[in-house]
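Data first, discussion second: the structure below is written as structure tokens.
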Amino acid sequence: MIVTYNWLKEFVDVELPAAELADLLTMLGLEVERMESRGEGMDEVVVALVQEKAQHPNADKLSLCKVNDGREILDIVCGAQNFKAGDRVALARIGAVLPGGLKIKRSKIRGEESFGMLCSEKELGLADESAGIMVLPPDLPLGVPLFEAMGLKDTIFEIGLTPNRADCLSVIGIAREIAAKLGKKISYPGLEVPETGVPISDIASVQVEDPQLCPRYTARYVSGCTIAPSPQWLADRLKAVGLRPINNVVDVTNYVLIEFGHPLHAFDFDLLSGGKIIVRRGADGESFTTLDGQPRHLKASDLTIRDAAKVIALAGVMGGENSEISPGTTNILLESAYFKPSAIRLTAKRLGLHTESSHRFERGTDFHVLTKALDRAASLIAQLSGGSVAQGTIDVSAGPVERKKVPARLDHINRLLGTNLAAEEVIRIFHSLEFTVEIIEPGLFEVEAPSFRVDIEREIDLVEEVARLHGYDKIPVTMPKARVFSDRPTRHQKLENRVKDLLVAHGFNEVVNFSFISPDCYDKILLESSDPRRDSIGLLNPLVAEQSVMRTALLPGILETAARNVSFRVMNQRIFEMRRVYLPRAGRELPDEPINIAALLTGLRDPEGWNQQRGEVDFYDAKGVVENLLDQLKVLNVAYDSSEVENFYHPGKSCNITVNGEVVGSLGEIHPTVQENYGFEKPLYYFEMNFEKLVLCCGEEVAVQVPPRFPDTFRDIAMVLDDGTPAAEILNCIRSLREKEIEGAEIFDLYKGEHIPSGQKSIAVRVRYRSPERTLADEEITRLHTRVVETMIKKLNVSIR
């Protein structure tokens, strides 16, 4: 919000220096973000008279002028052509410093000396653009500083308002705050309207079809207007607050908007079909062109202003080209209405239209200021355009808005603020803000806020008002009371950090995705229709359909992130996410929220380089990460079961991860259909584990083993067995012998092809033997090895090669 010091002084008698007033506003909660002193240090820019204007002898586009600055006649070279001899102009004398730091010096231009510069509004910081130099009113005295002569010397305050302070989106609103703080009375502008002619009801009518979105609509009629540029005082004031002057009628509506904080709109009445205004919702697909020349496609949620035949304005947002004020306008219908904030916010946001009008309506305007703003504007329009205001006002209202009464407790106010204010002082503060106070009993008040304070809803709001007006600087400073305690991480937190560190050590990068996903994701990852994870929790007010339900798995988010990376040509990826999923519980309001670990690999195994083999990651890279992770967490009795795996995995290239027979996660290559759904060309390898289950399985202590004292030996077994037999069964078969001399077994070769029957495979196993007590004899090793071979033949039906 931008206001000027001089404008504020029209409503409240304040003589504080501008810097002190800025501090006062900031301490009231109206933070002054920028302060600009117009005309300060510009006394060398004066009113001057052009006595002669002649063609420059050495340049076609320059003029050589003799200019009287009230002290002497100066030669000035000027390039502008919008003035003539006898005009009063703005002259920057030698030594003057203009906005932007330009210092005026004596100069020679095309062989002719120039002793100053004739200035434009842009050069003086009074406008963003200008077509030529400033031509001033003929009655200004010569030699007087320009800003002083034209009353432009002022201080501009740019105030950063919080969204709840809609009442301060006006000069009067800010003046009210100053008056309350300084204990002064505010002077409101006069609202006398000279009415003539027939009643407005004989000329126009208003019909509100949606009183829920438009509880009140008022209008006045002004006839016989002459559209012309605004007088200098009005144009200067609008430019000072950042608004562009247009014409005398439109400028009045903008002037009253800034003054009262209530948006108005002027219609060319002769362009309204049927001489009537209808307020109702738009129709889906309806088109309408706004004042900015852009076609707008409406929806049924948009509130519109229309005549008997067409839409003429988007309520509270912007008017239409088909009813705008033009140079030929003579008769005007002036609108002042109250619109529901949420409706205006919805339309403005959907269309991307943020205007001075929508900015105020979105935050809530004063229901009772409508006719005041309307009368003020009608009076000024009649005065500046020569028009006549018809008798009466159209006022269509759904009924008065009941003001809310909020209780306030004196002891509660003092306890929260740490003060010891008397009841009289608190009541004085409320009265200074134009609040009505009723004393229910000693120390208990019932406070009724004025209609312009739409932000006062609870007792704490009243406490804030007391704090602001009493002065934040007067609230005692005390040290907070606090306990010192040790916030050591829990075992769960330590393990969570350990898992993340291990994955990072494996070259993974952590990603953080939204907890909201699209319900369509479940189809893309091939979840069965009966899968309980489809029964996800929906959001009450989702921003977009793609983020409308709480996730029950991390896979969709990981895949979308990986796909986005691929679109940026990041082809080699190792990413993980360790976040919560939200699993609904039957009969419970809140879901289970376990933390899951999910990771995805794709692309090359190692970075490309002259000394690196170019190999793609595969199933065993992902499995190796899982094995190392579980080993580091001291999880025992881990097994991998390839039966009944998730549908989103590639059949035959995936498995479940079990601990003590319980499934804790899954691992494998992503199904080709899922890869295609997300636009991948290369294989993806993925694992996901339930971290909460792993926490229960993690070992606490590390067992320290004494290095073996006796040598080991190993024997290899090559065998042919059914292709469907998992390799883990071979190792489990050997372990089932429970011989302490069998130190371990590992598979070191797998072969399928020539000389191996179809449907079978050849596997080679190395069995290591060692006794912790003595060196094993060859006969003992042979006996143990024979037992191993016989057991596998018996249990697994293998053929020894």
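Residue numbering restarts at 1 in every chain; chains get A, B, ... in the order shown in the structure tokens, and ligands count up from 1 in that same order.
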
Please report, as a tab-separated table, each residue of stretch 363-454 of chain A lying at most 12 Å from stretch 189-203 of chain A, together with the nearest pair of atoms and the separation in Å rounded to one decimal; use only C-alpha atoms, and order rows by chain and ascending residue number.
```
residue	atom	partner	partner_atom	distance
A:Val369	CA	A:Leu191	CA	11.7
A:Thr371	CA	A:Leu191	CA	9.5
A:Lys372	CA	A:Leu191	CA	6.8
A:Ala373	CA	A:Leu191	CA	8.5
A:Leu374	CA	A:Leu191	CA	9.1
A:Asp375	CA	A:Leu191	CA	5.8
A:Arg376	CA	A:Leu191	CA	5.3
A:Ala377	CA	A:Leu191	CA	8.9
A:Ala378	CA	A:Val193	CA	7.0
A:Ser379	CA	A:Val193	CA	5.1
A:Leu380	CA	A:Val193	CA	8.8
A:Ile381	CA	A:Val193	CA	10.3
A:Ala382	CA	A:Pro194	CA	8.3
A:Gln383	CA	A:Pro194	CA	9.4
A:Gly386	CA	A:Pro194	CA	11.6
A:Gly387	CA	A:Thr196	CA	10.1
A:Ser388	CA	A:Thr196	CA	6.3
A:Val389	CA	A:Glu195	CA	5.0
A:Ala390	CA	A:Thr196	CA	5.4
A:Gln391	CA	A:Pro199	CA	4.4
A:Gly392	CA	A:Pro199	CA	5.9
A:Thr393	CA	A:Ile200	CA	6.6
A:Ile394	CA	A:Ser201	CA	7.1
A:Asp395	CA	A:Ser201	CA	10.4
A:Val396	CA	A:Ser201	CA	11.9
```

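Of the residues in stretch 265-305 of chain A, those that DSSP places in strand (DSSP E) on the basis of the backbone are His265, Ala266, Phe267, Asp268, Lys276, Ile277, Ile278, Val279, Arg280, Arg281, Ser287, Phe288, Thr289, Pro295, Arg296, His297, Leu303, Thr304 and Ile305 of chain A.
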
Out of stretch 122-265 of chain A, which residues get helix (DSSP H, G or I) from DSSP, as an mmCIF file with C-alpha atoms, in the first residue's frame?
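Output file result17.cif follows:
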```cif
data_model
loop_
_atom_site.group_PDB
_atom_site.id
_atom_site.type_symbol
_atom_site.label_atom_id
_atom_site.label_comp_id
_atom_site.auth_asym_id
_atom_site.auth_seq_id
_atom_site.Cartn_x
_atom_site.Cartn_y
_atom_site.Cartn_z
ATOM 1 C CA LEU A 146 9.016 23.611 -8.938
ATOM 2 C CA PHE A 147 7.985 21.069 -6.261
ATOM 3 C CA GLU A 148 7.058 23.893 -3.894
ATOM 4 C CA ALA A 149 5.145 25.885 -6.524
ATOM 5 C CA ALA A 166 -7.684 -5.034 4.748
ATOM 6 C CA ASP A 167 -8.854 -1.904 6.591
ATOM 7 C CA CYS A 168 -5.456 -0.300 5.972
ATOM 8 C CA VAL A 171 -5.479 6.414 3.127
ATOM 9 C CA ILE A 172 -8.340 6.812 5.607
ATOM 10 C CA GLY A 173 -7.552 3.425 7.172
ATOM 11 C CA ILE A 174 -3.919 4.372 7.802
ATOM 12 C CA ALA A 175 -4.964 7.845 9.014
ATOM 13 C CA ARG A 176 -7.304 6.117 11.504
ATOM 14 C CA GLU A 177 -4.353 4.188 12.922
ATOM 15 C CA ILE A 178 -2.262 7.343 13.283
ATOM 16 C CA ALA A 179 -5.139 9.200 14.935
ATOM 17 C CA ALA A 180 -5.712 6.346 17.392
ATOM 18 C CA LYS A 181 -2.038 6.240 18.366
ATOM 19 C CA LEU A 182 -1.669 10.031 18.745
ATOM 20 C CA ILE A 200 -32.590 7.075 -10.380
ATOM 21 C CA SER A 201 -35.298 4.437 -10.083
ATOM 22 C CA ASP A 202 -36.940 5.945 -13.201
ATOM 23 C CA GLN A 232 -3.376 18.450 -12.302
ATOM 24 C CA TRP A 233 -3.967 17.866 -8.578
ATOM 25 C CA LEU A 234 -5.824 14.619 -9.217
ATOM 26 C CA ALA A 235 -3.342 13.342 -11.796
ATOM 27 C CA ASP A 236 -0.396 14.166 -9.514
ATOM 28 C CA ARG A 237 -1.943 12.417 -6.555
ATOM 29 C CA LEU A 238 -2.647 9.235 -8.503
ATOM 30 C CA LYS A 239 0.851 9.194 -9.971
ATOM 31 C CA ALA A 240 2.306 9.638 -6.483
ATOM 32 C CA ASN A 248 -11.577 12.493 -15.066
ATOM 33 C CA VAL A 249 -14.222 9.790 -14.428
ATOM 34 C CA VAL A 250 -11.991 6.720 -14.190
ATOM 35 C CA ASP A 251 -9.454 8.680 -12.148
ATOM 36 C CA VAL A 252 -12.133 9.607 -9.598
ATOM 37 C CA THR A 253 -13.014 5.925 -9.073
ATOM 38 C CA ASN A 254 -9.317 5.136 -8.538
ATOM 39 C CA TYR A 255 -8.922 8.146 -6.249
ATOM 40 C CA VAL A 256 -11.820 7.018 -4.043
ATOM 41 C CA LEU A 257 -10.475 3.458 -4.135
ATOM 42 C CA ILE A 258 -7.210 4.630 -2.558
ATOM 43 C CA GLU A 259 -8.965 7.088 -0.245
ATOM 44 C CA PHE A 260 -11.692 4.802 1.172
#
```

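Across the model, the gap from atom CA of A:Glu321 to atom CA of A:Ile278 is 17.3 Å.
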
Give me the residues near A:Cys65 as JSON, numbers by chain, where near means some atom within 7 Å (using only C-alpha atoms) and where sequence neighbours in that chain fewer than 5 positions away do not count. {"A": [50, 52, 53, 54, 75, 76, 77]}

Output file for the selection above: N, CA and C atoms, as an mmCIF file, in the first residue's frame:
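Printed below is result_9.cif as written:
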```cif
data_model
loop_
_atom_site.group_PDB
_atom_site.id
_atom_site.type_symbol
_atom_site.label_atom_id
_atom_site.label_comp_id
_atom_site.auth_asym_id
_atom_site.auth_seq_id
_atom_site.Cartn_x
_atom_site.Cartn_y
_atom_site.Cartn_z
ATOM 1 N N VAL A 50 9.758 30.566 -21.008
ATOM 2 C CA VAL A 50 10.428 30.546 -22.308
ATOM 3 C C VAL A 50 10.093 31.858 -23.023
ATOM 4 N N GLU A 52 11.996 33.146 -25.741
ATOM 5 C CA GLU A 52 12.235 32.978 -27.174
ATOM 6 C C GLU A 52 12.539 31.511 -27.455
ATOM 7 N N LYS A 53 12.113 31.078 -28.627
ATOM 8 C CA LYS A 53 12.433 29.727 -29.077
ATOM 9 C C LYS A 53 12.796 29.793 -30.550
ATOM 10 N N ALA A 54 14.039 29.428 -30.876
ATOM 11 C CA ALA A 54 14.517 29.521 -32.255
ATOM 12 C C ALA A 54 15.174 28.214 -32.658
ATOM 13 N N ASP A 75 20.560 30.915 -21.813
ATOM 14 C CA ASP A 75 20.490 30.195 -23.084
ATOM 15 C C ASP A 75 20.394 28.703 -22.784
ATOM 16 N N ILE A 76 19.382 28.076 -23.341
ATOM 17 C CA ILE A 76 19.144 26.642 -23.105
ATOM 18 C C ILE A 76 18.949 25.951 -24.449
ATOM 19 N N VAL A 77 19.652 24.853 -24.682
ATOM 20 C CA VAL A 77 19.441 24.019 -25.860
ATOM 21 C C VAL A 77 18.502 22.885 -25.462
#
```

Quick one: distance from atom CA of A:Val46 to atom CA of A:Val144 in Å, one decimal? 5.4 Å

Write out as a ChimeraX atom specification the residues lying within 7 Å of stretch 745-752 of chain A, counting only C-alpha atoms and excluding same-chain residues fewer than 6 positions away. /A:731,761-768

Just-selected residues, N, CA, C and O atoms written as a PDB file, in the first residue's frame:
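Output contents, as saved in result08.pdb:
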```
ATOM      1  N   LEU A 731      22.511 -73.983  -0.557  1.00  0.00           N
ATOM      2  CA  LEU A 731      23.236 -73.526   0.627  1.00  0.00           C
ATOM      3  C   LEU A 731      22.516 -73.931   1.899  1.00  0.00           C
ATOM      4  O   LEU A 731      23.156 -74.319   2.891  1.00  0.00           O
ATOM      5  N   LYS A 761      20.280 -76.816 -15.011  1.00  0.00           N
ATOM      6  CA  LYS A 761      21.422 -75.895 -14.928  1.00  0.00           C
ATOM      7  C   LYS A 761      22.540 -76.565 -14.160  1.00  0.00           C
ATOM      8  O   LYS A 761      22.321 -77.503 -13.387  1.00  0.00           O
ATOM      9  N   SER A 762      23.758 -76.095 -14.425  1.00  0.00           N
ATOM     10  CA  SER A 762      24.931 -76.603 -13.721  1.00  0.00           C
ATOM     11  C   SER A 762      25.397 -75.547 -12.734  1.00  0.00           C
ATOM     12  O   SER A 762      25.589 -74.384 -13.092  1.00  0.00           O
ATOM     13  N   ILE A 763      25.581 -75.957 -11.488  1.00  0.00           N
ATOM     14  CA  ILE A 763      26.033 -75.043 -10.446  1.00  0.00           C
ATOM     15  C   ILE A 763      27.253 -75.651  -9.764  1.00  0.00           C
ATOM     16  O   ILE A 763      27.293 -76.867  -9.499  1.00  0.00           O
ATOM     17  N   ALA A 764      28.249 -74.811  -9.487  1.00  0.00           N
ATOM     18  CA  ALA A 764      29.441 -75.255  -8.761  1.00  0.00           C
ATOM     19  C   ALA A 764      29.462 -74.588  -7.402  1.00  0.00           C
ATOM     20  O   ALA A 764      29.287 -73.370  -7.294  1.00  0.00           O
ATOM     21  N   VAL A 765      29.673 -75.403  -6.345  1.00  0.00           N
ATOM     22  CA  VAL A 765      29.669 -74.925  -4.963  1.00  0.00           C
ATOM     23  C   VAL A 765      31.021 -75.234  -4.327  1.00  0.00           C
ATOM     24  O   VAL A 765      31.572 -76.326  -4.516  1.00  0.00           O
ATOM     25  N   ARG A 766      31.527 -74.266  -3.597  1.00  0.00           N
ATOM     26  CA  ARG A 766      32.776 -74.468  -2.861  1.00  0.00           C
ATOM     27  C   ARG A 766      32.437 -74.556  -1.374  1.00  0.00           C
ATOM     28  O   ARG A 766      31.862 -73.624  -0.811  1.00  0.00           O
ATOM     29  N   VAL A 767      32.811 -75.704  -0.755  1.00  0.00           N
ATOM     30  CA  VAL A 767      32.548 -75.920   0.661  1.00  0.00           C
ATOM     31  C   VAL A 767      33.875 -75.820   1.410  1.00  0.00           C
ATOM     32  O   VAL A 767      34.856 -76.475   1.050  1.00  0.00           O
ATOM     33  N   ARG A 768      33.904 -74.969   2.441  1.00  0.00           N
ATOM     34  CA  ARG A 768      35.126 -74.752   3.212  1.00  0.00           C
ATOM     35  C   ARG A 768      35.030 -75.481   4.550  1.00  0.00           C
ATOM     36  O   ARG A 768      34.016 -75.384   5.250  1.00  0.00           O
TER      37      ARG A 768
END
```
